[in-house]
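The block underneath contains the structure these notes are about, expressed in structure tokens.
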Amino acid sequence: MDPRGLALLRQLTSDVEGAPSPGVVGDELYSIWYVHAQSVAQEALEYLSLADPEHGPEVDLPDEFS
């Protein structure tokens, strides 16, 4: 994986791991996190589409991911 892909994966993992619970933080803070995480996830999906155009939703996942 190239440096950009690795950085995206690290950022996305960090964002998901640090997800606030909506019941614990205010709606505004949760919304800020959610918008940021969605942005990084979209960037990661676009990167994956460019890096591996043969992979997509129609590709069967291994049994352990089903």
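Convention: chains lettered A, B, ... in structure tokens order; per-chain residue numbering from 1; ligands numbered from 1 as shown.
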Distance query Pro20 of chain A at most 9 Å, only C-alpha atoms, self and fewer than 4 positions along chain excluded, as a list of chain:residue names
A:Val16, A:Val24, A:Val25, A:Leu29, A:Tyr30, A:Trp33
From a backbone DSSP assignment, name each residue in chain A labelled helix (DSSP H, G or I), as a VMD selection string.
chain A and resid 3 to 17 27 to 51 63 to 65
